[in-house]
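Source file: input-v3.cif (mmCIF, C-alpha atoms)
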data_my_file
loop_
_atom_site.label_atom_id
_atom_site.label_comp_id
_atom_site.auth_asym_id
_atom_site.auth_seq_id
_atom_site.Cartn_x
_atom_site.Cartn_y
_atom_site.Cartn_z
CA MET A 235 -23.40 -34.68 -26.78
CA LEU A 236 -23.73 -34.95 -30.55
CA LEU A 237 -26.30 -33.11 -32.67
CA CYS A 238 -28.17 -34.44 -35.67
CA PRO A 239 -26.92 -31.98 -38.31
CA ALA A 240 -30.35 -31.80 -39.94
CA CYS A 241 -32.67 -31.23 -36.96
CA TYR A 242 -30.42 -30.61 -33.90
CA SER A 243 -31.75 -33.66 -31.98
CA GLU A 244 -29.21 -34.71 -29.35
CA TYR A 245 -27.52 -38.13 -29.11
CA ARG A 246 -24.61 -39.66 -27.26
CA THR A 247 -22.88 -41.61 -30.07
CA TRP A 248 -22.44 -41.43 -33.83
CA ASP A 249 -24.21 -44.79 -34.14
CA GLN A 250 -27.27 -43.22 -32.49
CA VAL A 251 -27.13 -40.21 -34.81
CA ALA A 252 -26.81 -42.55 -37.80
CA ASP A 253 -29.73 -44.66 -36.58
CA HIS A 254 -31.90 -41.55 -36.23
CA MET A 255 -30.95 -40.09 -39.64
CA SER A 256 -31.19 -43.42 -41.44
CA GLY A 257 -34.64 -44.06 -39.95
CA LEU A 258 -35.99 -40.71 -41.06
CA ALA A 259 -34.36 -41.02 -44.48
CA THR A 260 -36.05 -44.40 -44.95
CA MET A 261 -39.34 -42.60 -44.33
CA SER A 262 -38.33 -40.03 -46.97
CA GLU A 263 -38.37 -37.18 -44.45
CA SER A 264 -37.20 -34.36 -46.71
CA ALA A 265 -35.00 -32.34 -44.30
CA HIS A 266 -32.85 -35.37 -43.46
CA VAL A 267 -32.78 -36.73 -47.01
CA MET A 268 -31.76 -33.32 -48.36
CA TRP A 269 -29.02 -32.94 -45.78
CA LEU A 270 -27.61 -36.37 -46.62
CA ASN A 271 -27.84 -35.74 -50.37
CA ARG A 272 -26.19 -32.35 -50.24
CA ASN A 273 -23.55 -32.97 -47.63
CA LEU A 274 -22.61 -36.63 -47.41
CA SER A 275 -23.71 -38.95 -50.18
CA LYS A 276 -26.43 -39.45 -52.77
CA GLU A 277 -25.97 -43.19 -52.41
CA GLU A 278 -27.86 -44.74 -49.51
CA LEU A 279 -25.44 -45.93 -46.83
CA SER A 280 -25.84 -48.62 -44.18
CA LYS A 281 -26.18 -47.35 -40.60
CA ASN A 282 -22.61 -48.42 -39.88
CA GLU A 283 -21.24 -46.64 -42.93
CA LEU A 284 -23.30 -43.56 -42.15
CA GLY A 285 -22.05 -43.41 -38.55
CA GLN A 286 -18.48 -43.74 -39.77
CA ARG A 287 -18.88 -41.03 -42.42
CA LEU A 288 -20.49 -38.64 -39.94
CA SER A 289 -17.69 -39.26 -37.46
CA GLU A 290 -15.13 -38.47 -40.16
CA MET A 291 -17.00 -35.42 -41.37
CA PHE A 292 -17.19 -33.85 -37.90
CA SER A 293 -13.60 -34.63 -37.11
CA ASN A 294 -11.82 -33.00 -34.18
CA GLU A 295 -8.48 -33.01 -35.98
CA GLY A 296 -6.81 -29.68 -36.72
CA SER A 297 -8.10 -26.23 -35.91
CA LEU A 298 -11.69 -25.13 -36.38
CA LEU A 299 -10.45 -22.65 -38.99
CA GLU A 300 -8.90 -25.48 -41.02
CA TRP A 301 -12.06 -27.55 -40.71
CA ALA A 302 -14.26 -24.64 -41.78
CA ARG A 303 -12.01 -23.80 -44.71
CA ASN A 304 -12.21 -27.39 -45.95
CA ALA A 305 -16.00 -27.30 -45.56
CA VAL A 306 -16.15 -24.09 -47.63
CA ILE A 307 -13.98 -25.58 -50.36
CA ARG A 308 -16.03 -28.79 -50.46
CA LYS A 309 -19.37 -27.00 -50.45
CA ILE A 310 -18.77 -23.88 -52.52
CA TYR A 311 -15.66 -24.49 -54.62
CA SER A 312 -15.69 -28.18 -55.53
CA GLY A 313 -18.45 -27.67 -58.15
CA PRO A 314 -17.84 -24.78 -58.07
CA HIS A 315 -21.15 -23.08 -57.25
CA PRO A 316 -22.45 -21.35 -60.42
CA LEU A 317 -22.32 -17.98 -58.67
CA ILE A 318 -18.54 -18.37 -58.34
CA LEU A 319 -18.36 -19.10 -62.07
CA ALA A 320 -20.46 -16.02 -62.83
CA MET A 321 -18.17 -13.87 -60.68
CA GLN A 322 -15.16 -14.74 -62.84
CA LYS A 323 -16.51 -12.41 -65.53
CA PRO A 324 -19.55 -10.72 -64.03
CA THR A 325 -21.94 -8.84 -66.25
CA ARG A 326 -23.74 -5.65 -65.21
CA GLU A 327 -26.74 -7.80 -64.34
CA ASP A 328 -24.65 -10.17 -62.21
CA LEU A 329 -23.28 -7.21 -60.25
CA LEU A 330 -26.67 -5.54 -59.85
CA GLY A 331 -28.03 -8.89 -58.66
CA TYR A 332 -25.23 -8.81 -56.12
CA VAL A 333 -26.15 -5.27 -55.00
CA ILE A 334 -29.90 -5.89 -54.71
CA GLU A 335 -29.74 -9.17 -52.80
CA HIS A 336 -26.61 -8.36 -50.77
CA GLN A 337 -28.20 -5.30 -49.13
CA HIS A 338 -30.56 -7.74 -47.40
CA PHE A 339 -27.70 -10.08 -46.55
CA LEU A 340 -25.76 -7.23 -44.93
CA LYS A 341 -28.72 -5.98 -42.91
CA ASN A 342 -29.28 -9.49 -41.62
CA TRP A 343 -25.54 -9.86 -40.97
CA VAL A 344 -25.47 -7.02 -38.46
CA ARG A 345 -28.76 -8.12 -36.87
CA VAL A 346 -27.54 -11.68 -36.28
CA LEU A 347 -24.12 -10.56 -35.03
CA SER A 348 -25.86 -8.16 -32.68
CA SER A 349 -27.45 -11.23 -31.11
CA VAL A 350 -23.92 -12.53 -30.40
CA ILE A 351 -23.10 -9.32 -28.53
CA GLU A 352 -26.38 -9.53 -26.65
CA ARG A 353 -25.63 -13.03 -25.39
CA THR A 354 -21.91 -13.08 -24.67
CA ASP A 355 -20.09 -11.71 -21.65
CA ARG A 356 -16.65 -12.01 -23.27
CA ASN A 357 -14.97 -8.65 -23.79
CA ASP A 358 -12.86 -9.74 -26.76
CA VAL A 359 -15.95 -11.10 -28.54
CA ILE A 360 -18.00 -7.95 -27.89
CA LYS A 361 -15.16 -5.75 -29.16
CA TYR A 362 -14.61 -7.94 -32.21
CA GLU A 363 -18.26 -7.96 -33.23
CA LEU A 364 -18.76 -4.25 -32.58
CA GLU A 365 -15.82 -3.50 -34.87
CA ASN A 366 -17.17 -5.87 -37.50
CA ILE A 367 -20.69 -4.42 -37.40
CA THR A 368 -19.30 -0.88 -37.52
CA THR A 369 -17.17 -1.69 -40.57
CA GLU A 370 -20.09 -3.33 -42.33
CA PHE A 371 -22.81 -0.80 -41.61
CA LEU A 372 -21.42 2.51 -40.30
CA GLY A 373 -17.85 2.71 -41.53
CA CYS A 374 -14.69 3.39 -39.51
CA SER A 375 -11.99 5.37 -41.31
CA GLY A 376 -13.98 5.32 -44.56
CA PRO A 377 -17.39 4.43 -45.95
CA SER A 378 -19.09 1.27 -44.67
CA HIS A 379 -19.38 -1.86 -46.79
CA PHE A 380 -23.08 -1.13 -47.07
CA GLU A 381 -22.35 2.33 -48.47
CA LEU A 382 -19.74 0.91 -50.86
CA LEU A 383 -22.35 -1.60 -52.04
CA MET A 384 -24.80 1.21 -52.75
CA ARG A 385 -22.13 3.14 -54.65
CA MET A 386 -21.41 0.05 -56.74
CA GLY A 387 -25.11 -0.13 -57.61
CA GLU A 388 -25.21 3.54 -58.55
CA SER A 389 -22.13 3.15 -60.74
CA LEU A 390 -24.04 0.44 -62.62
CA GLY A 391 -26.94 2.80 -63.30
CA MET A 392 -29.40 2.12 -60.51
CA ARG A 393 -30.34 4.82 -58.00
CA LYS A 394 -29.85 4.10 -54.31
CA GLU A 395 -33.54 4.72 -53.61
CA GLU A 396 -34.51 2.22 -56.27
CA ILE A 397 -32.08 -0.40 -54.95
CA GLN A 398 -33.39 -0.01 -51.41
CA SER A 399 -37.00 -0.26 -52.56
CA ILE A 400 -36.50 -3.80 -53.89
CA GLY A 401 -37.24 -6.61 -51.45
CA PRO A 402 -35.29 -9.88 -51.28
CA LEU A 403 -36.07 -12.82 -53.55
CA PRO A 404 -37.51 -15.91 -51.80
CA SER A 405 -34.15 -17.71 -51.87
CA THR A 406 -32.53 -14.79 -50.00
CA THR A 407 -35.43 -14.71 -47.54
CA LYS A 408 -35.02 -18.45 -47.03
CA ALA A 409 -31.29 -18.05 -46.33
CA ILE A 410 -31.90 -15.19 -43.92
CA GLY A 411 -34.45 -17.39 -42.15
CA GLU A 412 -31.81 -20.12 -41.74
CA TRP A 413 -29.30 -17.71 -40.20
CA ARG A 414 -31.91 -16.29 -37.86
CA GLU A 415 -32.94 -19.80 -36.86
CA ILE A 416 -29.32 -20.62 -36.00
CA SER A 417 -29.17 -17.51 -33.80
CA PHE A 418 -32.49 -18.36 -32.12
CA LYS A 419 -31.85 -22.06 -31.56
CA MET A 420 -28.11 -22.22 -30.95
CA GLY A 421 -25.58 -20.46 -28.75
CA TRP A 422 -23.61 -17.32 -29.54
CA GLN A 423 -20.53 -19.43 -30.29
CA GLU A 424 -22.40 -21.42 -32.96
CA THR A 425 -23.94 -18.23 -34.35
CA MET A 426 -20.55 -16.58 -34.57
CA GLY A 427 -19.03 -19.64 -36.26
CA ALA A 428 -21.92 -19.88 -38.73
CA MET A 429 -21.62 -16.25 -39.81
CA HIS A 430 -17.87 -15.72 -39.87
CA SER A 431 -17.11 -18.99 -41.67
CA LEU A 432 -18.88 -17.34 -44.62
CA GLU A 433 -16.05 -14.82 -44.82
CA LEU A 434 -13.74 -17.68 -45.76
CA ILE A 435 -15.55 -17.85 -49.12
CA ALA A 436 -13.97 -14.54 -50.14
CA ASP A 437 -10.63 -15.29 -48.43
CA ARG A 438 -7.96 -14.26 -50.93
CA GLY A 439 -5.85 -17.25 -49.93
CA ILE A 440 -8.57 -19.83 -50.55
CA SER A 441 -7.05 -21.08 -53.81
CA SER A 442 -3.80 -21.98 -52.04
CA TYR A 443 -5.82 -24.41 -49.88
CA GLY A 444 -7.38 -26.24 -52.84
CA ALA A 445 -10.15 -24.03 -54.24
CA LYS A 446 -10.14 -24.02 -58.03
CA MET A 447 -10.57 -20.27 -58.22
CA HIS A 448 -11.14 -17.18 -56.11
CA TYR A 449 -14.56 -15.78 -55.18
CA PHE A 450 -14.16 -13.35 -58.09
CA ASN A 451 -11.56 -12.91 -60.79
CA VAL A 452 -8.96 -10.73 -59.07
CA LYS A 453 -7.99 -9.24 -62.45
CA ILE A 454 -11.19 -7.21 -62.12
CA LEU A 455 -9.43 -5.09 -59.51
CA SER A 456 -6.96 -3.79 -62.10
CA SER A 457 -9.27 -3.95 -65.12
CA ASN A 458 -10.49 -0.90 -67.04
CA ASP A 459 -13.71 -2.74 -67.89
CA TYR A 460 -15.34 -2.12 -64.51
CA PRO A 461 -16.26 1.13 -62.72
CA LYS A 462 -13.97 2.11 -59.86
CA GLU A 463 -16.89 1.69 -57.43
CA VAL A 464 -17.14 -2.00 -58.38
CA LYS A 465 -13.40 -2.44 -57.84
CA ARG A 466 -13.55 -0.58 -54.53
CA PHE A 467 -16.34 -2.77 -53.16
CA LEU A 468 -14.79 -6.04 -54.29
CA GLY A 469 -11.34 -4.91 -53.16
CA GLU A 470 -12.51 -4.08 -49.62
CA GLY A 471 -13.79 -7.61 -49.08
CA TYR A 472 -10.70 -9.05 -50.71
CA SER A 473 -8.38 -7.40 -48.21
CA ALA A 474 -10.58 -7.78 -45.11
CA ASP A 475 -12.14 -11.23 -45.06
CA THR A 476 -9.02 -13.26 -44.30
CA TYR A 477 -8.46 -11.41 -41.03
CA HIS A 478 -12.18 -11.35 -40.21
CA SER A 479 -12.75 -15.10 -40.50
CA SER A 480 -9.53 -16.34 -38.89
CA GLU A 481 -9.83 -14.04 -35.88
CA ALA A 482 -13.51 -14.86 -35.37
CA LEU A 483 -13.07 -18.62 -35.66
CA SER A 484 -10.19 -18.46 -33.18
CA LEU A 485 -12.53 -16.77 -30.70
CA VAL A 486 -15.20 -19.40 -31.36
CA GLU A 487 -12.71 -22.19 -30.81
CA LYS A 488 -11.54 -20.55 -27.59
CA TYR A 489 -15.02 -20.35 -26.09
CA ALA A 490 -17.05 -23.12 -27.79
CA GLY A 491 -18.64 -25.67 -25.47
CA SER A 492 -19.10 -28.24 -28.25
CA ARG A 493 -17.04 -28.15 -31.41
CA GLN A 494 -19.51 -30.43 -33.21
CA SER A 495 -22.45 -28.09 -32.64
CA VAL A 496 -20.39 -25.25 -34.16
CA GLN A 497 -19.59 -27.51 -37.11
CA VAL A 498 -23.30 -28.29 -37.55
CA ALA A 499 -24.05 -24.55 -37.58
CA ILE A 500 -21.30 -23.91 -40.14
CA ILE A 501 -22.71 -26.52 -42.53
CA LYS A 502 -26.22 -25.09 -42.08
CA SER A 503 -24.81 -21.66 -42.86
CA LEU A 504 -23.05 -22.89 -46.01
CA ASP A 505 -26.34 -24.45 -47.17
CA ALA A 506 -28.01 -21.09 -46.55
CA VAL A 507 -25.37 -19.13 -48.44
CA SER A 508 -25.76 -21.49 -51.41
CA SER A 509 -29.44 -20.55 -51.47
CA TYR A 510 -28.53 -16.85 -51.22
CA PHE A 511 -26.04 -17.25 -54.11
CA ASN A 512 -28.85 -18.77 -56.17
CA ALA A 513 -30.95 -15.69 -55.43
CA ARG A 514 -28.23 -13.46 -56.87
CA LEU A 515 -28.21 -15.54 -60.05
CA GLU A 516 -32.00 -15.43 -60.21
CA ARG A 517 -31.97 -11.64 -59.76
CA ALA A 518 -29.38 -11.28 -62.52
CA ALA A 519 -31.55 -13.42 -64.82
CA MET A 520 -34.56 -11.19 -64.03
CA LEU A 521 -32.57 -8.08 -65.00
CA ARG A 522 -31.55 -9.45 -68.41
CA MET B 46 -41.27 -42.89 -70.08
CA LYS B 47 -37.49 -42.97 -69.86
CA VAL B 48 -35.95 -40.70 -67.25
CA THR B 49 -32.23 -39.93 -67.16
CA VAL B 50 -30.50 -37.86 -64.50
CA ASN B 51 -27.00 -36.66 -65.31
CA GLY B 52 -26.62 -39.34 -67.93
CA LYS B 53 -27.91 -42.28 -65.87
CA VAL B 54 -31.30 -43.95 -66.09
CA ALA B 55 -33.33 -43.07 -62.96
CA GLY B 56 -36.76 -43.56 -61.44
CA SER B 57 -36.44 -46.75 -59.40
CA LYS B 58 -35.04 -47.46 -55.93
CA GLU B 59 -32.08 -49.21 -57.55
CA SER B 60 -31.33 -46.55 -60.16
CA GLY B 61 -32.15 -43.51 -58.01
CA CYS B 62 -34.56 -40.64 -57.60
CA ALA B 63 -36.16 -39.47 -60.85
CA LEU B 64 -35.16 -35.88 -60.09
CA CYS B 65 -31.80 -35.98 -58.26
CA GLY B 66 -30.56 -39.56 -58.68
CA ALA B 67 -30.23 -40.23 -54.94
CA THR B 68 -31.04 -43.67 -53.55
CA TRP B 69 -32.10 -42.58 -50.05
CA GLY B 70 -35.78 -42.74 -49.19
CA ASN B 71 -38.85 -44.69 -50.29
CA TYR B 72 -41.24 -42.23 -51.86
CA TYR B 73 -43.26 -43.21 -54.91
CA ASP B 74 -45.60 -41.19 -57.07
CA VAL B 75 -47.52 -41.96 -60.25
CA ILE B 76 -46.70 -39.36 -62.88
CA CYS B 77 -47.92 -39.57 -66.48
CA GLY B 78 -49.21 -43.06 -65.64
CA GLU B 79 -45.86 -44.34 -64.39
CA ARG B 80 -44.86 -45.22 -60.84
CA LEU B 81 -41.60 -43.43 -60.20
CA PHE B 82 -39.22 -43.52 -57.24
CA PHE B 83 -38.19 -40.32 -55.48
CA CYS B 84 -35.99 -39.79 -52.44
CA CYS B 85 -38.61 -37.45 -50.92
CA ASP B 86 -41.86 -35.65 -51.69
CA LEU B 87 -40.03 -32.44 -52.62
CA CYS B 88 -38.20 -34.17 -55.47
CA ALA B 89 -41.55 -35.54 -56.67
CA LYS B 90 -42.97 -32.01 -56.56
CA GLY B 91 -40.00 -30.67 -58.54
CA PHE B 92 -40.35 -33.45 -61.11
CA LYS B 93 -44.07 -32.62 -61.56
CA ASN B 94 -43.10 -29.00 -62.15
CA ILE B 95 -40.75 -30.14 -64.94
CA VAL B 96 -43.55 -32.16 -66.52
CA ASP B 97 -46.00 -29.23 -66.24
CA ARG B 98 -43.56 -26.68 -67.64
CA SER B 99 -42.77 -28.87 -70.66
CA GLY B 100 -46.30 -28.50 -71.99
CA ILE B 101 -46.15 -32.09 -73.31
CA GLU B 102 -48.78 -34.53 -72.05
CA ASN B 103 -47.62 -37.78 -73.67
CA ILE B 104 -43.98 -37.84 -72.67
CA ASN B 105 -41.51 -40.38 -74.07
CA SER B 106 -38.40 -39.23 -72.26
CA ILE B 107 -37.09 -36.70 -69.77
CA GLU B 108 -33.41 -35.87 -69.65
CA ILE B 109 -32.27 -33.88 -66.60
CA LYS B 110 -28.79 -32.44 -66.09
CA GLY B 111 -27.70 -30.47 -63.05
CA ASN B 112 -28.55 -30.26 -59.39
CA TYR B 113 -30.16 -28.08 -56.75
CA TYR B 114 -27.31 -25.58 -56.71
CA SER B 115 -26.63 -25.26 -60.44
CA GLY B 116 -30.24 -25.55 -61.52
CA ARG B 117 -31.32 -28.15 -64.06
CA ARG B 118 -31.34 -28.25 -67.81
CA CYS B 119 -34.15 -30.44 -69.06
CA VAL B 120 -35.13 -31.90 -72.41
CA VAL B 121 -38.64 -33.34 -72.42
CA SER B 122 -39.62 -35.29 -75.54
CA GLY B 123 -42.98 -36.56 -76.73
CA GLU B 124 -45.79 -35.96 -79.19
CA GLY B 125 -43.17 -35.61 -81.95
CA ARG B 126 -41.43 -32.60 -80.38
CA ALA B 127 -38.99 -31.66 -77.64
CA SER B 128 -39.10 -28.95 -75.01
CA SER B 129 -35.75 -27.68 -73.70
CA PHE B 130 -35.49 -25.43 -70.70
CA PHE B 131 -33.49 -24.40 -67.66
CA ILE B 132 -35.25 -24.68 -64.32
CA ARG B 133 -34.18 -23.94 -60.76
CA PHE B 134 -36.09 -24.88 -57.64
CA SER B 135 -36.28 -23.27 -54.24
CA ASP B 136 -35.88 -25.41 -51.12
CA ASP B 137 -39.59 -26.20 -51.17
CA ALA B 138 -39.43 -27.26 -54.85
CA GLU B 139 -41.25 -24.23 -56.19
CA VAL B 140 -39.92 -22.92 -59.51
CA SER B 141 -37.62 -19.99 -58.76
CA GLU B 142 -36.09 -19.61 -62.23
CA PHE B 143 -37.31 -20.84 -65.59
CA ARG B 144 -36.33 -20.10 -69.15
CA GLU B 145 -36.86 -21.92 -72.39
CA GLU B 146 -33.64 -22.40 -74.27
CA GLN B 147 -31.78 -24.43 -76.80
CA PHE B 148 -29.81 -27.20 -75.12
CA PRO B 149 -26.97 -26.76 -74.27
CA ARG B 150 -26.72 -23.04 -73.49
CA LYS B 151 -23.50 -21.08 -73.19
CA GLN B 152 -22.59 -19.50 -69.85
CA GLY B 153 -22.37 -15.78 -69.22
CA HIS B 154 -25.30 -14.22 -71.08
CA GLY B 155 -25.82 -10.62 -70.15
CA GLN B 156 -24.50 -7.17 -70.78
CA SER B 157 -20.73 -6.98 -70.68
CA LEU B 158 -19.07 -4.21 -68.75
#
Write-out of the structure in structure tokens:
Amino acid sequence: MLLCPACYSEYRTWDQVADHMSGLATMSESAHVMWLNRNLSKEELSKNELGQRLSEMFSNEGSLLEWARNAVIRKIYSGPHPLILAMQKPTREDLLGYVIEHQHFLKNWVRVLSSVIERTDRNDVIKYELENITTEFLGCSGPSHFELLMRMGESLGMRKEEIQSIGPLPSTTKAIGEWREISFKMGWQETMGAMHSLELIADRGISSYGAKMHYFNVKILSSNDYPKEVKRFLGEGYSADTYHSSEALSLVEKYAGSRQSVQVAIIKSLDAVSSYFNARLERAAMLR
Amino acid sequence: MKVTVNGKVAGSKESGCALCGATWGNYYDVICGERLFFCCDLCAKGFKNIVDRSGIENINSIEIKGNYYSGRRCVVSGEGRASSFFIRFSDDAEVSEFREEQFPRKQGHGQSL
């Protein structure tokens, strides 16, 4: 069974998916047009071409990890996304925008991954996600990522109470809604793939696979221009996300019923994170 | 009214959507007295927001550079003046970020650390 990547309708062949998407695009249905514009082509394609391109895009070749990494590079690093550019020399406002919006991202992260635990009966998956959630929100041998985020905010001059009193911008809310929709509408394997593929964005090895730059300028970690709390927070993600994403996507690949539905969820998730990145830029602009 | 998107003339099915340049879809809207092609209603809504934010009623040209992710830098000309601004839309084409600026603007404004 193949899913329409825009609306999750089910079809048997790529020609049928292409027929469905092309028909709705001809009627200017915005969800399908936007998906095609942002993920495949701005130029209108014939049904045959569209079916072929979809088949190539959702290829079964290689591991899921390799496929997801290529999707991340294409979606986030080929431009690259302006947030990645901003993170090469982040200002105080860029970093505070990170703190304010990311607190909502992290809260949603543990909520969505809790839904994976709730739905799976696989011991290795439960253990993996419990460890991940603990690291993100409670902390294991040290402070949690959430606590490190708060400390980064405080080092930039904003009190923890003030940070936590600020609600998410609409673009963050929209992204959170997308991730929650994936968890409501799709299986735990798709949910797990959608969330953990995001950790590939901060994978320290991403540039060796074709990304033009890293998620942030790694010279920040040894720079005297940034508070140690900023370096600690960025450094934690830098050392952790490679293991997180590769281990998680291996588990997804091991248990996934349909690889294509996981791929659909990953692309949805990368669209959502692009919206969330925009929110961080918007928040930084508001703070200037 | 001449519309250019990322350096190419746009606004017809052949040339592409007046906001994003895509050739999917078949949506038309009359804006400032001209029938323009858009790939979907959300792009038409975004384009109308650009027109409204410019503050110019009799527009000669609209130059748009950028995309959904990067936001768009616009120069709207008419009535003997030009309005330059950066605009970013949410997924439902509402304005999520707007600032008037001289075109082009350098990256990285803000307080250095």
Polymer residues at most 8 Å from Leu432 of chain A, all atoms listed in the file, same-chain spacing of 5 or more positions, as a list in words: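 With the cut-off at 8 Å, the set is Val306, Ser479, Ser503, Leu504 and Val507 of chain A.
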d(atom CA of Gly401 of chain A, atom CA of Tyr332 of chain A) in Å: 13.1 Å
Residues in the PyMOL selection byres ((chain A and resi 483-491) around 8), expressed as number ranges by chain: A: 297-299, 359, 423-424, 426-427, 430-431, 479-482, 492-493, 496
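Reported to one decimal place, the separation of atom CA of Pro314 of chain A from atom CA of Asp328 of chain A is 16.6 Å.
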Shortest interatomic distance to chain B - which of A:Pro316, A:Gly285, A:Pro239, A:Gly257, counting only C-alpha atoms: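 Under the stated criterion, the closest residue is A:Pro316.
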Go through chain B and flag each residue having an atom no more than 12 Å from chain A; for those, report the closest pair of atoms plus their distance in Å to one decimal, using all atoms listed in the file, ordered by chain and rising number, as CSV.
residue,atom,partner,partner_atom,distance
B:Lys58,CA,A:Glu278,CA,10.0
B:Glu59,CA,A:Glu277,CA,10.0
B:Ser60,CA,A:Glu277,CA,10.0
B:Gly61,CA,A:Glu277,CA,8.3
B:Cys62,CA,A:Lys276,CA,9.5
B:Leu64,CA,A:Lys276,CA,11.9
B:Cys65,CA,A:Lys276,CA,8.4
B:Gly66,CA,A:Lys276,CA,7.2
B:Ala67,CA,A:Lys276,CA,4.4
B:Thr68,CA,A:Glu277,CA,5.2
B:Trp69,CA,A:Glu278,CA,4.8
B:Gly70,CA,A:Ser262,CA,4.3
B:Asn71,CA,A:Ser262,CA,5.7
B:Tyr72,CA,A:Ser262,CA,6.1
B:Tyr73,CA,A:Ser262,CA,9.9
B:Phe82,CA,A:Ser262,CA,10.9
B:Phe83,CA,A:Ser262,CA,8.5
B:Cys84,CA,A:Ser262,CA,6.0
B:Cys85,CA,A:Ser262,CA,4.7
B:Asp86,CA,A:Ser264,CA,6.9
B:Leu87,CA,A:Ser264,CA,6.8
B:Cys88,CA,A:Ser264,CA,8.8
B:Ala89,CA,A:Ser264,CA,10.9
B:Lys90,CA,A:Ser264,CA,11.7
B:Gly111,CA,A:Gly313,CA,10.8
B:Asn112,CA,A:Arg272,CA,9.7
B:Tyr113,CA,A:Arg272,CA,8.7
B:Tyr114,CA,A:His315,CA,6.7
B:Ser115,CA,A:Pro316,CA,5.7
B:Gly116,CA,A:Asn512,CA,8.7
B:Arg117,CA,A:Pro316,CA,11.8
B:Phe131,CA,A:Ala519,CA,11.5
B:Ile132,CA,A:Glu516,CA,10.6
B:Arg133,CA,A:Asn512,CA,8.7
B:Phe134,CA,A:Ser405,CA,9.4
B:Ser135,CA,A:Ser405,CA,6.4
B:Asp136,CA,A:Ser405,CA,7.9
B:Asp137,CA,A:Ser264,CA,9.6
B:Ala138,CA,A:Ser264,CA,11.0
B:Glu139,CA,A:Pro404,CA,10.1
B:Val140,CA,A:Pro404,CA,10.7
B:Ser141,CA,A:Glu516,CA,7.4
B:Glu142,CA,A:Glu516,CA,6.2
B:Phe143,CA,A:Glu516,CA,9.3
B:Arg144,CA,A:Ala519,CA,9.3
B:Lys151,CA,A:Ala320,CA,11.9
B:Gln152,CA,A:Ala320,CA,8.1
B:Gly153,CA,A:Ala320,CA,6.7
B:His154,CA,A:Thr325,CA,8.0
B:Gly155,CA,A:Thr325,CA,5.8
B:Gln156,CA,A:Thr325,CA,5.5
B:Ser157,CA,A:Thr325,CA,5.0
B:Leu158,CA,A:Asp459,CA,5.6
Residue contacts of Tyr242 of chain A (9 Å, all atoms listed in the file) excluding same-chain residues fewer than 4 positions away, as number ranges by chain: A: 236-238, 419, 495, 498
For the file shown, report as a compact mmCIF listing (two decimals) with C-alpha atoms, in the frame of the given file the outcome of the PyMOL selection byres ((chain A and resi 307) around 9) at residue level.
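out00.txt, freshly written:
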# COMPACT_ATOMS: atom_id res chain seq x y z
CA ALA A 302 -14.26 -24.64 -41.78
CA ARG A 303 -12.01 -23.80 -44.71
CA ASN A 304 -12.21 -27.39 -45.95
CA ALA A 305 -16.00 -27.30 -45.56
CA VAL A 306 -16.15 -24.09 -47.63
CA ARG A 308 -16.03 -28.79 -50.46
CA LYS A 309 -19.37 -27.00 -50.45
CA ILE A 310 -18.77 -23.88 -52.52
CA TYR A 311 -15.66 -24.49 -54.62
CA SER A 312 -15.69 -28.18 -55.53
CA PRO A 314 -17.84 -24.78 -58.07
CA ILE A 435 -15.55 -17.85 -49.12
CA ILE A 440 -8.57 -19.83 -50.55
CA SER A 441 -7.05 -21.08 -53.81
CA TYR A 443 -5.82 -24.41 -49.88
CA GLY A 444 -7.38 -26.24 -52.84
CA ALA A 445 -10.15 -24.03 -54.24
CA LYS A 446 -10.14 -24.02 -58.03
Exercise: Glu145 of chain B partners within 10 Å, only C-alpha atoms, chain neighbours under 2 positions left out, as a PyMOL selection string: chain B and resi 98-99+118-119+128-132+143+147-148
Counting only C-alpha atoms, the option among A:Arg356, A:Ser399, A:Val333, A:Phe339 closest to Leu468 of chain A: A:Val333
Resolved residues for the PyMOL selection byres ((chain A and resi 410) around 9) as a list of chain:residue names: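 That expression, the PyMOL selection byres ((chain A and resi 410) around 9), corresponds here to A:His338, A:Phe339, A:Asn342, A:Trp343, A:Ser405, A:Thr406, A:Thr407, A:Lys408, A:Ala409, A:Gly411, A:Glu412, A:Trp413, A:Arg414, A:Glu415, A:Ala506, A:Val507, A:Tyr510.
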